[in-house]
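Participant: Let me begin by handing over the structure; questions about it come next.
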Amino acid sequence: MSGQSTYEPKSGFTRWLDSRLPLVRLMHDSFVDFPTPKNLNYWYTFGGILTIFLVLQIVTGVILAMHYTPHVDYAFDSVQRIMRDVNYGWLMRYMHANGASMFFLAVYIHMFRGLYYGSYKAPREILWILGVVIFLLMMATAFLGYTLPWGQMSFWGATVITNLFSAIPLVGESITTWLWGGYSIENPTLQRFFSLHYLLPFAIFGVVVLHIWALHVPGNNNPTGVSVKSKADTVPFHPYYTVKDSFATVIFFILFATFVFFLPDSLGHTDNYIEANPMVTPTHIVPEWYFLPFYAILRAVPDKLGGVALMFGSIAVLFILPWLDTSKVRSMRYRPIARWFLFLFALACFGLGYAGAKSPDDLLFVTGVDADGLAVGFTMVWFARILTAYYFAYFLIILPLLGLVENPKPRPASIDASVGGGASAAPQAAE
Amino acid sequence: MTDVAVDPGHEPTRRDFIHIATGAVAAVGGGLSTWAFIDQMNPAADTRALASTEVDVSAIPEGGEIKIMWRGRPQFVRHRTAANIEAARAVDVAQLKDRQARNTNIGDAPATDENRALDPKYLIMGASCTHLGCVPLGDGQGDYGGWFCPCHGSHYDTAGRIRKGPAPENLPIPDYAFIREGVIKIGLSAAEESNAGWTGA
């Protein structure tokens, strides 16, 4: 939908600028007169929400860096100083910490939106892959950032995650030493994590620009999955979607504000208010909520390398998803069987998150008692194993096969026809 | 070079040679210079220099255990009881998950208790679980009376050998020696070993 530009410079200055650097034209064509399917629902507002959260994280992060000290002896205290002494420091930090959670909440909704409406399919494969790259960069950034307050969870979370690389045969130990800059997580590790945590958001910003570029070449997908066929199918991005995105953003910010002002520590772990101590491991190490499903996959395998491989594989499989789904129908609205498998997939992700928060030996349900009178039953690790198997089966078995055997429901002739109204009878006549 | 490909009758000239030679020097030089950018992240000289430590083990009562820091990582020093030693020696190496002694002092050897402790009374070993690096709980915890890692449920016996759970290896024994009565020094060959780093010597 990179059609003809409709931008007309009005003043002498804008004409002068347009012939030298057509920046205003680019913005106008991308965010004002960009033709957008007219049936986008609220699930489509999360891209805009994510952009706002990226900017918010960068702004609050740059501010926090002005007051934070990346040194093992001072890091914990400097964070407490931000909370107690720096003017509005508590607000900046709570916005940054809870902003990360909101960022992940929005990105998971955004990704499931893509899964449901088939937004990863041709011609949007690159768009999807860039999205997965952003997701990976987000995970790296969040992990690095969580280390910086130098609490117990910071330290031990970093220990567990960096030790994942030691599972790699032959070079694993050398890689972990290289990552640490020492023989354990120490000051060199904290300093480089701070440096990279500051860098990566700008890398994300760059990939977001590519992501939007890749979106604006084929144009938005839409809930019907039917491609745009005529001008009757679209409305200009502004004011229709600028207003819709703004409204959704306000609603989402109510949720954000609820956490920042009323439940600021509810998504964190209390152990992170204890300064890092290399001699004592907390009894129960859990990552932040947004990593729990992947943590459950890691622990589902009794083998160290196998667990690590499966965890990375669970994201790697997203890269090839556009070629795994063999169905020509994009939207799950018209895939009566596949949509149920997708709902199950979403449930499996919630289940993995639940299993990830528990100890592997905790019981999901009790079936009886053993000889010593201790409860026995179905353990979390087995629950996670079944869900992990389904997670991979969805991508590697169900989607490839279902596309070949499923009989999709009839799809509307056009987006315009799908939304009803007078124009639907004569799609070509509408203007 | 494109000329060569497009025109098969074209003889290589001095200019072609200069192009290829320049490109080769740039590629090799560029490749080699990245090493500095990678290696700067490996342990620095001051980190490597702090690589040995001395411990007075005579102060540990029988059955007691201390944790000391060596290279930023905790190490267990356990003064084992006769029952601990007996239990560790009664185990058949063939039934162990990891049959390697993992003892830096003696190199490749079977994981017998004799190969794990230089002096059977004192067991000195890394206190980082070989799964993902948590510190196991000591004082006879776990199903085998040794150590238990609370993170992901690995059980170690009284010789620090992995018996149950996701950890792949026995707890590693650092290089150490009794430098005088009741005092050990950990990290004898530390300098060379830590210099090895990526080169893996």
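The chains in the structure tokens are called A, B, ... from first to last as shown; in each chain the residues are counted from 1, and the ligands are counted from 1 in the order shown.
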As an MDAnalysis selection string, please: the residues near Gln100 (chain B) (cut-off 9 Å, only C-alpha atoms, same-chain neighbours under 5 positions excluded).
Facilitator: chainID B and resid 108:112 169:170
Participant: I want to know what sits within 9 Å of Ser5 (chain A), based on only C-alpha atoms, with residues of the same chain fewer than 3 positions away left out; could you give that as number ranges by chain?
Facilitator: A: 2, 8, 25-26, 28-29, 33
Participant: If you count only C-alpha atoms, which residues fall within 9 Å of Asp271 (chain A), apart from same-chain ones fewer than 6 positions away, as a PyMOL selection string?
Facilitator: chain A and resi 151-153+282
Participant: I need the residues from that last selection saved to file as a PDB file, in the first residue's frame (with C-alpha atoms), if you can.
Facilitator:
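again-v8.pdb written:
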```pdb
ATOM      1  CA  GLY A 151      19.113  -7.410  44.990  1.00  0.00           C
ATOM      2  CA  GLN A 152      19.069 -11.124  45.723  1.00  0.00           C
ATOM      3  CA  MET A 153      16.805 -11.928  42.770  1.00  0.00           C
ATOM      4  CA  PRO A 282      17.163 -17.607  47.982  1.00  0.00           C
TER       5      PRO A 282
END
```
Participant: If we count only C-alpha atoms and set the cut-off at 12 Å, which residues sit around Thr69 (chain A), ignoring sequence neighbours fewer than 6 positions away in its own chain? Please answer as a list in words.
Facilitator: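 After dropping sequence-adjacent residues, the list is Ala75, Phe76, Asp77, Ser78, Val79, Gln80, Arg81, Ile82, Leu148, Pro149, Trp150, Asn187, Leu190, Gln191, Phe194 and Ser195 of chain A.
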Participant: Since we have the selection now, will you write its residues out, keeping N, CA and C atoms, as a compact mmCIF listing (two decimals), in the first residue's frame?
Facilitator:
```txt
# COMPACT_ATOMS: atom_id res chain seq x y z
N ALA A 75 25.35 0.03 43.96
CA ALA A 75 24.15 -0.10 43.12
C ALA A 75 22.88 -0.20 43.96
N PHE A 76 22.88 -1.11 44.92
CA PHE A 76 21.68 -1.32 45.74
C PHE A 76 21.30 -0.04 46.48
N ASP A 77 22.32 0.61 47.07
CA ASP A 77 22.03 1.83 47.83
C ASP A 77 21.58 2.97 46.93
N SER A 78 22.15 3.03 45.73
CA SER A 78 21.76 4.12 44.84
C SER A 78 20.31 3.96 44.40
N VAL A 79 19.85 2.71 44.26
CA VAL A 79 18.44 2.50 43.92
C VAL A 79 17.56 2.91 45.10
N GLN A 80 17.99 2.58 46.31
CA GLN A 80 17.21 3.00 47.48
C GLN A 80 17.19 4.52 47.61
N ARG A 81 18.31 5.16 47.23
CA ARG A 81 18.35 6.63 47.26
C ARG A 81 17.38 7.21 46.23
N ILE A 82 17.30 6.57 45.07
CA ILE A 82 16.33 7.02 44.06
C ILE A 82 14.93 6.95 44.66
N LEU A 148 20.27 -4.86 37.52
CA LEU A 148 20.88 -3.61 37.99
C LEU A 148 20.58 -3.22 39.45
N PRO A 149 19.38 -3.45 40.00
CA PRO A 149 19.16 -3.06 41.40
C PRO A 149 20.02 -3.84 42.39
N TRP A 150 20.64 -4.93 41.91
CA TRP A 150 21.60 -5.70 42.71
C TRP A 150 20.97 -6.24 44.00
N ASN A 187 31.55 -7.25 39.84
CA ASN A 187 31.45 -5.88 39.36
C ASN A 187 31.59 -5.73 37.84
N LEU A 190 28.23 -6.45 36.35
CA LEU A 190 27.22 -5.41 36.57
C LEU A 190 27.47 -4.23 35.62
N GLN A 191 28.73 -3.84 35.47
CA GLN A 191 29.02 -2.67 34.63
C GLN A 191 28.67 -2.92 33.17
N PHE A 194 24.92 -2.94 32.69
CA PHE A 194 24.37 -1.58 32.67
C PHE A 194 24.58 -0.95 31.29
N SER A 195 25.80 -1.10 30.78
CA SER A 195 26.11 -0.54 29.46
C SER A 195 25.17 -1.10 28.39
```
Participant: Quote the spacing between CA of Pro166 (chain B) and CA of Pro302 (chain A) in Å to one decimal place.
Facilitator: 5.2 Å
Participant: Pull out every residue of chain A sitting within 8 Å of chain B, counting only C-alpha atoms, and send them as a PyMOL selection string.
Facilitator: chain A and resi 156+159-161+163-164+174-175+177-186+278-281+283-285+299+302-304+359-360
Participant: Running DSSP on the backbone, which parts of chain B land in strand (DSSP E), as an mmCIF file with C-alpha atoms, in the first residue's frame?
Facilitator:
```cif
data_model
loop_
_atom_site.group_PDB
_atom_site.id
_atom_site.type_symbol
_atom_site.label_atom_id
_atom_site.label_comp_id
_atom_site.auth_asym_id
_atom_site.auth_seq_id
_atom_site.Cartn_x
_atom_site.Cartn_y
_atom_site.Cartn_z
ATOM 1 C CA THR B 53 43.265 -17.769 48.965
ATOM 2 C CA GLU B 54 44.393 -19.429 52.214
ATOM 3 C CA VAL B 55 42.108 -21.117 54.730
ATOM 4 C CA ASP B 56 42.749 -22.336 58.259
ATOM 5 C CA GLU B 65 31.332 -26.698 57.407
ATOM 6 C CA ILE B 66 32.476 -23.242 56.336
ATOM 7 C CA LYS B 67 31.952 -21.348 53.144
ATOM 8 C CA ILE B 68 34.778 -19.231 51.831
ATOM 9 C CA MET B 69 34.980 -16.978 48.804
ATOM 10 C CA TRP B 70 37.455 -17.853 46.101
ATOM 11 C CA ARG B 73 32.476 -17.798 44.201
ATOM 12 C CA PRO B 74 31.723 -19.604 47.421
ATOM 13 C CA GLN B 75 33.568 -22.847 48.202
ATOM 14 C CA PHE B 76 32.629 -25.433 50.796
ATOM 15 C CA VAL B 77 35.189 -26.670 53.308
ATOM 16 C CA ARG B 78 33.632 -29.552 55.224
ATOM 17 C CA HIS B 79 35.246 -31.373 58.121
ATOM 18 C CA TYR B 122 38.439 -32.367 54.697
ATOM 19 C CA LEU B 123 36.293 -32.043 51.604
ATOM 20 C CA ILE B 124 36.997 -28.829 49.696
ATOM 21 C CA MET B 125 34.849 -28.073 46.672
ATOM 22 C CA GLY B 126 33.017 -25.430 44.722
ATOM 23 C CA LEU B 137 22.375 -26.137 51.253
ATOM 24 C CA GLY B 138 24.818 -28.167 53.370
ATOM 25 C CA ASP B 139 24.781 -29.825 56.797
ATOM 26 C CA GLY B 140 23.546 -33.181 55.619
ATOM 27 C CA GLN B 141 20.684 -31.937 53.499
ATOM 28 C CA GLY B 145 23.175 -36.722 53.546
ATOM 29 C CA GLY B 146 25.353 -34.237 51.680
ATOM 30 C CA TRP B 147 24.035 -31.154 49.945
ATOM 31 C CA PHE B 148 20.751 -30.153 48.385
ATOM 32 C CA CYS B 149 20.244 -27.393 45.837
ATOM 33 C CA SER B 154 19.745 -31.524 42.847
ATOM 34 C CA HIS B 155 20.985 -33.877 45.594
ATOM 35 C CA TYR B 156 24.712 -34.377 46.346
ATOM 36 C CA ASP B 157 26.187 -37.065 48.596
ATOM 37 C CA ILE B 162 25.620 -35.594 42.089
ATOM 38 C CA ARG B 163 23.131 -38.350 42.866
ATOM 39 C CA LYS B 164 19.736 -37.042 41.860
ATOM 40 C CA TYR B 176 44.613 -26.756 46.565
ATOM 41 C CA ALA B 177 47.309 -28.055 48.899
ATOM 42 C CA PHE B 178 48.094 -28.133 52.616
ATOM 43 C CA ILE B 179 50.788 -25.505 52.800
ATOM 44 C CA ARG B 180 51.371 -26.121 56.537
ATOM 45 C CA VAL B 183 46.147 -24.528 56.469
ATOM 46 C CA ILE B 184 45.215 -24.968 52.846
ATOM 47 C CA LYS B 185 45.834 -22.713 49.897
ATOM 48 C CA ILE B 186 43.249 -22.745 47.116
#
```
Participant: Just to confirm, what's the straight-line distance from CA of Phe237 (chain A) to CA of Leu40 (chain A) in Å (one decimal)?
Facilitator: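 Taking CA of Phe237 (chain A) as the start and CA of Leu40 (chain A) as the end point, the length is 10.9 Å.
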Participant: Give me, please, the distance in Å between CA of Met311 (chain A) and CA of Leu127 (chain A), quoted to one decimal.
Facilitator: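 Pair CA of Met311 (chain A) / CA of Leu127 (chain A) returns 23.2 Å.
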Participant: Skip Ala159 (chain B) itself and residues of its chain fewer than 6 positions away, then list as a list in words all residues within 8 Å of it, counting only C-alpha atoms.
Facilitator: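 Result of the neighbour search: Ile85, Ala88, Asp113, Arg116, Ala117, Leu123 and Gly146 of chain B.
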Participant: Set the distance at 10 Å and use only C-alpha atoms: which residues neighbour Leu387 (chain A) once local chain neighbours fewer than 6 positions away are removed? I'd like the list as a list of chain:residue names.
Facilitator: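 What passes the distance filter is A:Pro293, A:Ala296, A:Ile297, A:Ala300, A:Leu344, A:Phe345, A:Leu347, A:Ala348, A:Cys349, A:Phe350, A:Gly351, A:Leu352, A:Ala355, A:Val381, A:Ala393.
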Participant: If you run DSSP on the backbone, which residues of region 150-385 of chain A are helix (DSSP H, G or I), as JSON, numbers by chain?
Facilitator: {"A": [152, 153, 154, 155, 156, 157, 158, 159, 160, 161, 162, 163, 164, 165, 166, 167, 172, 173, 174, 175, 176, 177, 178, 179, 180, 187, 188, 189, 190, 191, 192, 193, 194, 195, 196, 197, 198, 199, 200, 201, 202, 203, 204, 205, 206, 207, 208, 209, 210, 211, 212, 213, 214, 215, 216, 231, 232, 233, 237, 238, 239, 240, 241, 242, 243, 244, 245, 246, 247, 248, 249, 250, 251, 252, 253, 254, 255, 256, 257, 258, 259, 260, 261, 262, 270, 271, 272, 273, 289, 290, 291, 292, 293, 294, 295, 296, 297, 298, 299, 300, 304, 305, 306, 307, 308, 309, 310, 311, 312, 313, 314, 315, 316, 317, 318, 319, 321, 322, 323, 324, 332, 333, 334, 338, 339, 340, 341, 342, 343, 344, 345, 346, 347, 348, 349, 350, 351, 352, 353, 354, 355, 356, 357, 380, 381, 382, 383, 384, 385]}
Participant: May I have the residues within 8 Å of region 196-208 of chain A as JSON, numbers by chain, using only C-alpha atoms and disregarding those fewer than 2 positions away in the same chain?
Facilitator: {"A": [54, 58, 61, 62, 130, 131, 133, 134, 137, 138, 141, 142, 144, 145, 192, 193, 194, 210, 211, 212]}
Participant: Which residue out of B:Arg15, B:Gln95, B:Ser52, B:Gly30 has the minimum interatomic distance to Gly187 (chain B) when only C-alpha atoms are used?
Facilitator: B:Ser52
Participant: Using only C-alpha atoms, which of the listed residues (B:Pro61, B:Pro174, B:Trp35, B:Ala87) sits closest to Ala101 (chain B)?
Facilitator: B:Pro174
Participant: Using only C-alpha atoms, which of the listed residues (A:Ala338, A:Ala316, A:Ile415, A:Leu305) sits closest to Ile168 (chain A)?
Facilitator: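 Selected residue with least distance to Ile168 (chain A): A:Leu305.
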